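*Asks:* Here you go, this is target-v7.txt (compact mmCIF, C-alpha atoms).
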```txt
# COMPACT_ATOMS: atom_id res chain seq x y z
CA MET C 1214 97.27 106.06 90.78
CA LYS C 1215 96.84 103.35 93.46
CA SER C 1216 93.39 104.57 94.36
CA ASN C 1217 92.37 104.51 90.70
CA LEU C 1218 93.47 100.88 90.49
CA VAL C 1219 91.42 100.00 93.57
CA ARG C 1220 88.42 101.83 92.14
CA ALA C 1221 88.79 100.09 88.79
CA PHE C 1222 88.96 96.70 90.56
CA VAL C 1223 85.86 97.46 92.63
CA ILE C 1224 83.94 98.64 89.54
CA THR C 1225 84.96 95.46 87.69
CA LEU C 1226 83.75 93.33 90.62
CA ALA C 1227 80.44 95.17 90.76
CA LEU C 1228 79.85 95.10 87.00
CA THR C 1229 80.66 91.38 86.84
CA GLY C 1230 78.24 90.71 89.67
CA PHE C 1231 75.46 92.84 88.21
CA GLY C 1232 76.04 91.35 84.76
CA ALA C 1233 75.79 87.85 86.18
CA THR C 1234 72.48 88.79 87.82
CA THR C 1235 70.96 89.64 84.46
CA VAL C 1236 72.10 86.29 83.02
CA SER C 1237 70.65 84.29 85.90
CA ALA C 1238 67.43 86.34 85.77
CA HIS C 1239 66.94 85.42 82.08
CA THR C 1240 67.61 81.75 82.61
CA ALA C 1241 66.14 81.24 86.09
CA ALA C 1242 63.18 79.28 84.76
CA LYS C 1243 65.41 76.63 83.26
CA ALA C 1244 67.60 76.07 86.29
CA LYS C 1245 66.79 73.38 88.80
CA VAL C 1246 68.58 75.14 91.65
CA SER C 1247 69.17 78.76 90.78
CA ALA C 1248 71.87 79.68 93.25
CA ALA C 1249 74.76 78.44 95.29
CA THR C 1250 77.01 79.25 98.18
CA ASN C 1251 80.55 80.03 97.25
CA ASP C 1252 82.35 78.21 100.05
CA THR C 1253 81.22 74.66 99.30
CA PRO C 1254 80.19 72.88 96.06
CA PRO C 1255 76.48 73.48 95.44
CA PRO C 1256 74.23 70.38 95.49
CA VAL C 1257 72.36 70.94 92.21
CA CYS C 1258 70.28 67.75 92.33
CA LEU C 1259 67.36 66.70 94.50
CA PRO C 1260 68.12 64.74 97.70
CA SER C 1261 66.47 61.70 96.12
CA ASP C 1262 68.67 61.83 93.00
CA PRO C 1263 69.58 58.24 91.96
CA THR C 1264 73.14 59.23 91.02
CA ALA C 1265 73.58 61.22 94.26
CA CYS C 1266 74.68 64.12 92.08
CA GLY C 1267 77.81 62.32 90.98
CA LEU C 1268 79.08 61.77 94.51
CA HIS C 1269 81.91 59.23 94.51
CA MET V 13 89.54 64.26 87.56
CA ALA V 14 91.88 67.25 87.56
CA THR V 15 88.98 69.48 88.69
CA GLU V 16 88.24 67.07 91.52
CA VAL V 17 91.84 67.10 92.73
CA LEU V 18 92.00 70.89 92.49
CA LEU V 19 88.68 71.15 94.32
CA LYS V 20 89.98 68.93 97.10
CA TYR V 21 93.14 70.95 97.68
CA ALA V 22 91.35 74.30 97.25
CA SER V 23 88.74 73.26 99.84
CA ILE V 24 91.37 72.11 102.33
CA SER V 25 93.40 75.31 101.78
CA SER V 26 90.29 77.48 102.21
CA ALA V 27 89.33 75.74 105.47
CA ALA V 28 92.88 76.13 106.78
CA LEU V 29 92.97 79.80 105.76
CA CYS V 30 89.61 80.48 107.46
CA LEU V 31 90.96 78.92 110.67
CA GLY V 32 94.14 80.98 110.31
CA VAL V 33 92.16 84.21 109.97
CA ILE V 34 90.05 83.35 113.03
CA ALA V 35 93.28 82.75 114.99
CA LEU V 36 94.77 86.02 113.69
CA MET V 37 91.63 87.93 114.64
CA ALA V 38 91.70 86.39 118.12
CA ARG V 39 95.39 87.26 118.55
CA LYS V 40 94.89 90.88 117.47
CA ARG V 41 91.66 91.17 119.52
CA LEU V 42 89.67 91.88 116.37
CA LEU V 43 86.91 89.40 117.17
CA ALA V 44 85.38 92.02 119.48
CA GLU V 45 85.42 94.56 116.63
CA PHE V 46 84.13 92.14 113.95
CA PRO V 47 82.30 89.38 115.89
CA LEU V 48 79.93 88.57 113.02
CA LEU V 49 82.77 88.14 110.55
CA GLY V 50 84.36 85.70 113.01
CA SER V 51 81.06 83.78 113.13
CA LEU V 52 80.84 83.77 109.31
CA LEU V 53 84.35 82.32 109.09
CA GLY V 54 83.40 79.73 111.72
CA ILE V 55 80.36 78.67 109.67
CA GLN V 56 82.55 78.44 106.58
CA VAL V 57 85.01 76.22 108.41
CA ILE V 58 82.16 73.91 109.49
CA GLY V 59 80.67 73.87 105.96
CA LEU V 60 84.03 73.18 104.34
CA THR V 61 84.87 70.44 106.86
CA ILE V 62 81.55 68.67 106.14
CA SER V 63 82.03 69.03 102.40
CA ILE V 64 85.65 67.75 102.52
CA ALA V 65 84.59 64.78 104.65
CA ILE V 66 81.64 63.80 102.42
CA LEU V 67 83.06 64.64 99.00
CA PHE V 68 86.58 63.26 99.43
CA PHE V 69 86.64 60.91 102.44
CA ARG V 70 83.16 59.31 102.29
CA LYS V 71 84.46 55.79 101.69
CA SER V 72 86.93 56.05 104.56
CA LEU V 73 84.08 57.16 106.82
CA GLY V 74 81.95 54.21 105.67
CA LEU V 75 78.95 56.33 104.63
CA ASP V 76 76.38 55.11 102.11
CA VAL V 77 76.44 57.29 98.97
CA HIS V 78 72.74 58.26 99.10
CA VAL V 79 72.77 58.94 102.86
CA ALA V 80 75.94 61.00 102.41
CA TYR V 81 74.38 63.06 99.59
CA LYS V 82 71.22 63.72 101.63
CA ALA V 83 73.32 64.81 104.62
CA TYR V 84 75.39 67.03 102.33
CA PHE V 85 72.30 68.54 100.67
CA TYR V 86 70.61 69.53 103.94
CA SER V 87 73.79 70.67 105.70
CA HIS V 88 74.63 72.81 102.66
CA TRP V 89 71.33 74.67 102.61
CA ILE V 90 71.18 75.08 106.40
CA SER V 91 74.70 76.51 106.29
CA LEU V 92 73.61 78.76 103.39
CA ALA V 93 70.69 80.13 105.42
CA ALA V 94 72.98 80.88 108.40
CA ASP V 95 75.56 82.38 106.03
CA SER V 96 72.95 84.67 104.43
CA ILE V 97 71.60 85.90 107.78
CA LEU V 98 75.13 86.61 109.00
CA ARG V 99 76.01 88.46 105.79
CA VAL V 100 73.02 90.78 106.23
CA PHE V 101 74.13 91.61 109.77
CA ILE V 102 77.76 92.04 108.65
CA ILE V 103 76.71 94.48 105.90
CA TYR V 104 74.64 96.34 108.48
CA SER V 105 77.52 96.50 110.99
CA VAL V 106 80.02 97.59 108.30
CA PHE V 107 77.60 100.31 107.22
CA SER V 108 77.18 101.44 110.85
CA LEU V 109 80.95 101.55 111.44
CA ALA V 110 81.57 103.39 108.15
CA MET V 111 78.88 105.99 108.83
CA LYS V 112 79.88 106.59 112.44
CA PRO V 113 81.23 110.13 111.83
CA LEU V 114 78.05 111.19 110.02
CA GLN V 115 75.47 110.50 112.72
CA GLY V 116 72.50 111.99 110.87
CA LEU V 117 73.10 109.97 107.70
CA HIS V 118 73.78 106.91 109.86
CA GLU V 119 70.35 107.16 111.45
CA ILE V 120 68.49 107.73 108.19
CA GLY V 121 70.59 105.01 106.50
CA LYS V 122 69.51 102.51 109.16
CA VAL V 123 65.86 103.15 108.33
CA ILE V 124 66.53 102.82 104.58
CA PHE V 125 68.60 99.68 105.16
CA ARG V 126 65.78 97.96 107.07
CA TRP V 127 63.33 98.76 104.30
CA VAL V 128 65.70 97.57 101.57
CA ALA V 129 66.43 94.34 103.47
CA GLY V 130 62.72 93.71 104.06
CA VAL V 131 61.72 94.43 100.46
CA SER V 132 64.64 92.35 99.10
CA ILE V 133 63.59 89.33 101.14
CA ALA V 134 59.94 89.78 100.12
CA VAL V 135 60.90 90.09 96.41
CA SER V 136 63.21 87.06 96.65
CA VAL V 137 60.46 84.94 98.18
CA GLY V 138 58.04 86.31 95.58
CA ILE V 139 60.34 85.44 92.65
CA ALA V 140 61.11 82.01 94.06
CA ALA V 141 57.43 81.25 94.58
CA GLY V 142 56.33 82.95 91.36
CA PRO V 143 54.84 81.50 88.14
CA ASN V 144 57.98 79.48 87.37
CA PHE V 145 57.57 77.71 90.66
CA THR V 146 54.99 74.96 90.27
CA SER V 147 53.28 73.01 93.04
CA HIS V 148 54.92 69.69 92.19
CA VAL V 149 58.37 71.00 93.14
CA ASP V 150 60.00 69.19 96.05
CA SER V 151 59.95 71.10 99.38
CA ALA V 152 63.73 70.77 99.69
CA LEU V 153 64.14 72.33 96.26
CA ALA V 154 61.66 75.05 97.24
CA PHE V 155 63.78 75.93 100.24
CA ALA V 156 66.91 75.86 98.09
CA ARG V 157 65.36 78.24 95.55
CA VAL V 158 64.14 80.71 98.18
CA ALA V 159 67.50 80.63 99.96
CA GLY V 160 69.29 81.07 96.62
CA GLN V 161 67.20 84.09 95.64
CA VAL V 162 67.71 85.67 99.06
CA GLN V 163 71.43 85.08 98.77
CA GLN V 164 71.53 86.77 95.36
CA GLY V 165 69.67 89.78 96.77
CA ILE V 166 72.16 89.99 99.63
CA SER V 167 75.05 89.76 97.17
CA VAL V 168 73.72 92.71 95.16
CA LEU V 169 73.32 94.67 98.41
CA THR V 170 76.93 93.81 99.32
CA LEU V 171 78.23 95.07 95.97
CA CYS V 172 76.26 98.31 96.41
CA LEU V 173 77.82 98.76 99.86
CA LEU V 174 81.29 98.10 98.43
CA LEU V 175 80.76 100.75 95.73
CA PHE V 176 79.51 103.22 98.33
CA VAL V 177 82.46 102.65 100.72
CA CYS V 178 84.95 102.71 97.83
CA PHE V 179 83.77 106.06 96.47
CA SER V 180 83.09 107.70 99.85
CA THR V 181 86.32 106.98 101.67
CA LYS V 182 87.21 110.67 102.07
CA PRO V 183 83.98 111.88 103.72
CA LEU V 184 83.99 108.75 105.90
CA GLY V 185 87.58 109.34 107.05
CA LEU V 186 88.75 105.99 105.64
CA THR V 187 91.58 104.95 103.33
CA TYR V 188 91.97 101.92 101.09
CA ARG V 189 94.18 100.45 103.82
CA SER V 190 91.43 100.63 106.45
CA ARG V 191 90.21 97.29 107.77
CA LEU V 192 86.64 98.37 107.20
CA PHE V 193 87.37 98.70 103.49
CA GLY V 194 89.19 95.34 103.53
CA VAL V 195 86.20 93.60 105.10
CA THR V 196 83.87 95.15 102.52
CA LEU V 197 86.22 94.21 99.67
CA GLY V 198 86.33 90.58 100.83
CA LEU V 199 82.54 90.50 101.07
CA GLY V 200 82.36 92.04 97.59
CA ILE V 201 84.58 89.30 96.12
CA MET V 202 82.34 86.68 97.77
CA ALA V 203 79.22 88.41 96.45
CA MET V 204 80.60 88.56 92.91
CA THR V 205 81.55 84.87 93.10
CA THR V 206 78.05 83.95 94.30
CA LEU V 207 76.37 85.88 91.49
CA VAL V 208 78.66 84.45 88.79
CA GLN V 209 78.12 80.94 90.20
CA ALA V 210 74.36 81.42 90.11
CA ALA V 211 74.52 82.62 86.48
CA TRP V 212 76.88 79.80 85.53
CA LEU V 213 74.63 77.18 87.12
CA SER V 214 71.64 78.56 85.29
CA VAL V 215 73.22 78.16 81.82
CA ILE V 216 74.89 74.76 82.20
CA ALA V 217 73.29 71.43 82.96
CA THR V 218 75.85 70.19 85.46
CA GLN V 219 74.83 67.12 87.44
CA THR V 220 77.93 66.65 89.54
CA LEU V 221 79.36 68.16 92.69
CA TYR V 222 82.90 68.03 91.29
CA SER V 223 82.36 70.66 88.60
CA ALA V 224 84.30 73.78 87.58
CA VAL V 225 81.48 75.90 89.11
CA SER V 226 82.26 74.40 92.51
CA LEU V 227 85.96 75.04 92.05
CA PHE V 228 85.27 78.65 91.07
CA GLY V 229 83.24 79.12 94.26
CA VAL V 230 85.90 77.67 96.52
CA LEU V 231 88.57 79.80 94.84
CA GLY V 232 86.36 82.86 95.34
CA THR V 233 86.14 82.11 99.06
CA PHE V 234 89.89 81.60 99.16
CA ALA V 235 90.47 85.00 97.51
CA ALA V 236 88.06 86.78 99.88
CA VAL V 237 89.56 85.20 103.00
CA SER V 238 93.07 86.04 101.71
CA VAL V 239 92.02 89.71 101.47
CA TRP V 240 90.80 89.59 105.10
CA ALA V 241 94.00 87.87 106.19
CA THR V 242 96.10 90.61 104.54
CA TYR V 243 94.11 93.47 106.03
CA PHE V 244 94.09 91.91 109.51
CA ALA V 245 97.81 91.11 109.39
CA LEU V 246 98.86 94.62 108.35
CA PRO V 247 98.68 97.56 110.80
CA GLU V 248 95.65 99.75 110.25
CA PRO V 249 96.09 103.51 109.68
CA GLU V 250 94.25 105.83 112.06
CA ARG V 251 90.89 107.10 110.88
CA LYS V 252 91.62 110.47 109.28
CA LEU V 253 90.37 113.87 110.34
CA ILE V 254 87.29 114.52 108.25
CA LEU V 255 87.43 117.96 106.69
CA LEU V 256 84.50 118.64 104.42
CA PRO V 257 83.69 121.81 102.49
CA THR V 258 80.47 123.44 103.64
CA THR V 259 79.07 122.79 100.18
CA SER V 260 79.69 119.02 100.50
CA PRO V 261 76.50 117.00 99.96
CA PHE V 262 77.61 114.71 102.80
CA PHE V 263 77.77 117.65 105.21
CA PHE V 264 74.54 119.12 103.90
CA TRP V 265 72.51 115.92 104.01
CA ASN V 266 73.96 114.98 107.37
CA ARG V 267 72.71 118.29 108.84
CA ILE V 268 69.25 117.68 107.34
CA SER V 269 69.19 114.08 108.55
CA GLU V 270 70.16 115.14 112.05
CA ALA V 271 67.14 117.42 112.19
CA LEU V 272 64.78 114.72 110.94
CA GLY V 273 62.88 112.93 113.65
CA ASP V 274 63.48 115.59 116.31
CA ALA V 275 60.50 116.21 118.61
CA PRO V 276 58.76 119.33 117.19
CA GLY V 277 57.99 122.45 119.20
CA HIS V 278 54.33 123.48 119.81
CA VAL V 279 52.59 126.84 119.62
CA ALA V 280 49.21 127.78 121.09
CA ILE V 281 47.19 129.60 118.47
CA ALA V 282 43.75 129.69 120.12
CA GLY V 283 41.97 129.14 123.44
CA PHE V 284 44.72 130.63 125.56
CA ARG V 285 43.75 132.35 128.83
CA PRO V 286 46.10 134.14 131.28
CA GLU V 287 44.79 131.94 134.13
CA MET V 288 46.52 129.02 132.45
CA LEU V 289 49.88 130.48 133.46
CA ALA V 290 51.56 129.94 136.80
CA PRO V 291 51.94 133.16 138.89
CA ALA V 292 55.70 133.22 138.32
CA GLU V 293 55.25 132.80 134.57
CA PHE V 294 52.62 135.53 134.53
CA GLN V 295 54.94 137.88 136.44
CA MET V 296 57.81 137.15 134.09
CA LEU V 297 55.71 137.76 131.00
CA THR V 298 54.14 140.99 132.27
CA ALA V 299 57.36 142.46 133.76
CA PRO V 300 58.65 144.03 130.48
CA SER V 301 55.27 145.67 129.80
CA LEU V 302 55.07 147.09 133.32
CA LYS V 303 58.56 148.50 132.94
CA ARG V 304 57.58 150.26 129.71
CA ILE V 305 54.48 151.79 131.33
CA GLU V 306 56.64 153.19 134.13
CA GLN V 307 59.42 154.34 131.83
CA PRO V 308 57.83 157.53 130.23
CA ALA V 309 57.45 159.27 133.60
CA GLU V 310 61.08 158.63 134.42
CA ILE V 311 62.17 159.80 130.99
CA ILE V 312 59.95 162.91 130.92
CA ALA V 313 60.85 164.08 134.43
CA PRO V 314 64.62 164.57 133.84
CA ALA V 315 63.91 165.98 130.35
CA MET V 316 61.92 168.87 131.88
CA HIS V 317 65.11 170.07 133.55
CA THR V 318 66.92 170.67 130.26
CA PRO V 319 67.60 174.44 129.49
CA LEU V 320 65.63 174.39 126.26
CA LEU V 321 62.46 173.14 127.88
CA GLN V 322 62.92 175.46 130.87
CA SER V 323 63.13 178.52 128.56
CA ALA V 324 60.09 177.36 126.64
CA ALA V 325 58.20 177.03 129.89
CA GLY V 326 59.26 180.57 130.89
CA HIS V 327 57.79 182.05 127.73
```
Starting from the coordinates I provided, produce the structure as structure tokens.
*Replies:*
Amino acid sequence: MKSNLVRAFVITLALTGFGATTVSAHTAAKAKVSAATNDTPPPVCLPSDPTACGLH
Amino acid sequence: MATEVLLKYASISSAALCLGVIALMARKRLLAEFPLLGSLLGIQVIGLTISIAILFFRKSLGLDVHVAYKAYFYSHWISLAADSILRVFIIYSVFSLAMKPLQGLHEIGKVIFRWVAGVSIAVSVGIAAGPNFTSHVDSALAFARVAGQVQQGISVLTLCLLLFVCFSTKPLGLTYRSRLFGVTLGLGIMAMTTLVQAAWLSVIATQTLYSAVSLFGVLGTFAAVSVWATYFALPEPERKLILLPTTSPFFFWNRISEALGDAPGHVAIAGFRPEMLAPAEFQMLTAPSLKRIEQPAEIIAPAMHTPLLQSAAGH
């Protein structure tokens, strides 16, 4: 039972990840910066951005 | 505003948790077993410290907003590049540790892994520099796009490794309580977070660092590091005795893989002359034939003394 739960969780993780890949692949042309790290907020604007990407 | 506050506390908690896991690993002497994971956590601590300082304490530090953003932008992508390289090596080391009992598959897997990693990087660079990528794009953005594509490729590779380890625990002698599985699970959570973040960023037009996407990413890191903390804090069960049926594909393919790459034997099919042999070799090779030539005389001589042959000779 426990192992089935672990397997189901892993499958969910993998399917979510793979599903997200298809979304980003379809919309990659529109995005300015198409990816991000997950440990720090991604800087989605250019370094010369006049608003400094909303930095307070 | 609520997102910003949550982001602040989530970032501080994540940095503290990363430091806690490094300390736990050092105390349990696990840094020798997982040195690359320790380095990854170290890079995350540095990245989170820079981001906390710039995003939440910039005014206190007296930094100009544009200088601070530039510093944040470059430090983020440099940290991303280091993070991606480390993740590739971690995946490789996890794969090596998992496949240790199946030496043949381990060796062939290493070759496949190198090819997959090489092709993934080439494809990522190709996609990033493809038709959608025009020449007027800023070089910083170009680097960001290449690094982002590479990171997505690595994340897919991580999820594939997680699926493999999850469904092959028995032939690998692992359980779901093994640290190796815990490390892979944490990496899988991070990979999923990265891919969802990339998809999310591609469909929304966010222009701020304090967005829900950022919060999601930090929470993903927090979840992954929590998994590592749990697995490292709990005692690890011994690697189990691996008992496979002879019909197991793991056993079968491992035997085949072990034979692959062995130096082949050689056979002379033409141009051989006896003079090519050393005297001792020649003697050894001819000894059985000489024995057979001598044998009939020895066999016939005692046979002549049998009563049947004697009577026949008398007649």
*Asks:* Between V:Ala210, V:Val106, V:Leu174, V:Val17, which is the closest to V:Leu192 once you count all atoms listed in the file?
*Replies:*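 With all atoms listed in the file as the atom set, the closest residue is V:Val106.
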*Asks:* Considering all atoms listed in the file, extract the chain V residues located within 6 Å of chain C and return them as number ranges by chain.
*Replies:* V: 60, 78, 81-82, 85, 144, 157, 160, 171, 204, 206-208, 210-211, 214, 219-221, 226, 229-230, 233
*Asks:* Quick one, how far is atom CA of V:Lys71 from atom CA of V:Leu53?
*Replies:* 27.5 Å
*Asks:* Would you please work out which residue, of V:Leu256, V:Leu114, V:Val77, V:Val100, is nearest to V:Ile166 when using all atoms listed in the file?
*Replies:*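 Among V:Leu256, V:Leu114, V:Val77, V:Val100, it is V:Val100 that comes nearest to V:Ile166.
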*Asks:* Find, counting all atoms listed in the file, the residue in V:Ser63, V:Thr170, V:Ser269, V:Gln56 that gets nearest to V:Gln115.
*Replies:*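 Of the candidates, the smallest distance to V:Gln115 is held by V:Ser269.
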*Asks:* Tell me which of V:Tyr222, V:Tyr188, V:Phe234, V:Phe46 sits closest to V:Ile201, counting only C-alpha atoms.
*Replies:*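 When distances to V:Ile201 are compared using only C-alpha atoms, the smallest one comes from V:Phe234.
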*Asks:* Within 12 Å of stretch 283-287 of chain V, counting all atoms listed in the file, which residues qualify if same-chain residues fewer than 6 places away don't, as a compact mmCIF listing (two decimals) with C-alpha atoms, in the frame of the given file?
*Replies:*
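Listing of result_23.txt after writing:
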```txt
# COMPACT_ATOMS: atom_id res chain seq x y z
CA GLU V 293 55.25 132.80 134.57
CA PHE V 294 52.62 135.53 134.53
CA GLN V 295 54.94 137.88 136.44
CA LEU V 297 55.71 137.76 131.00
CA THR V 298 54.14 140.99 132.27
```
*Asks:* What is the distance between atom CA of V:Gly74 and atom CA of V:Leu231, in Å to one decimal?
*Replies:*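 Going from atom CA of V:Gly74 over to atom CA of V:Leu231, I get 28.6 Å.
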*Asks:* Kindly give the distance, in Å, that separates atom CA of V:His88 and atom CA of V:Phe101, rounded to a single decimal.
*Replies:*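 Value for the atom CA of V:His88-atom CA of V:Phe101 distance: 20.1 Å.
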*Asks:* Counting all atoms listed in the file, what is within 8 Å of V:Ile254, bar same-chain residues fewer than 3 positions away, as a PyMOL selection string?
*Replies:* chain V and resi 182-185
*Asks:* Step by step, gather every atom of stretch 87-96 of chain V that the file lists, find the box along x, y and z that holds them, add 5 Å on each side, and finally give centre and edge lengths in Å to one decimal, as JSON.
*Replies:*
```
{"center_x": 73.1, "center_y": 77.7, "center_z": 105.5, "size_x": 14.9, "size_y": 24.0, "size_z": 15.8}
```
*Asks:* Ranking V:Ala292, V:Ile103, V:Phe244, V:Leu153 by minimum distance to V:Cys172 and counting all atoms listed in the file, which one comes first?
*Replies:*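 The shortest atom-to-atom distance to V:Cys172 comes from V:Ile103.
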*Asks:* Can you work out which one of V:Phe228, V:Trp127, V:Phe264, V:Tyr86 has the shortest atom-to-atom distance to V:Thr15, counting all atoms listed in the file?
*Replies:*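 Selected residue with least distance to V:Thr15: V:Phe228.
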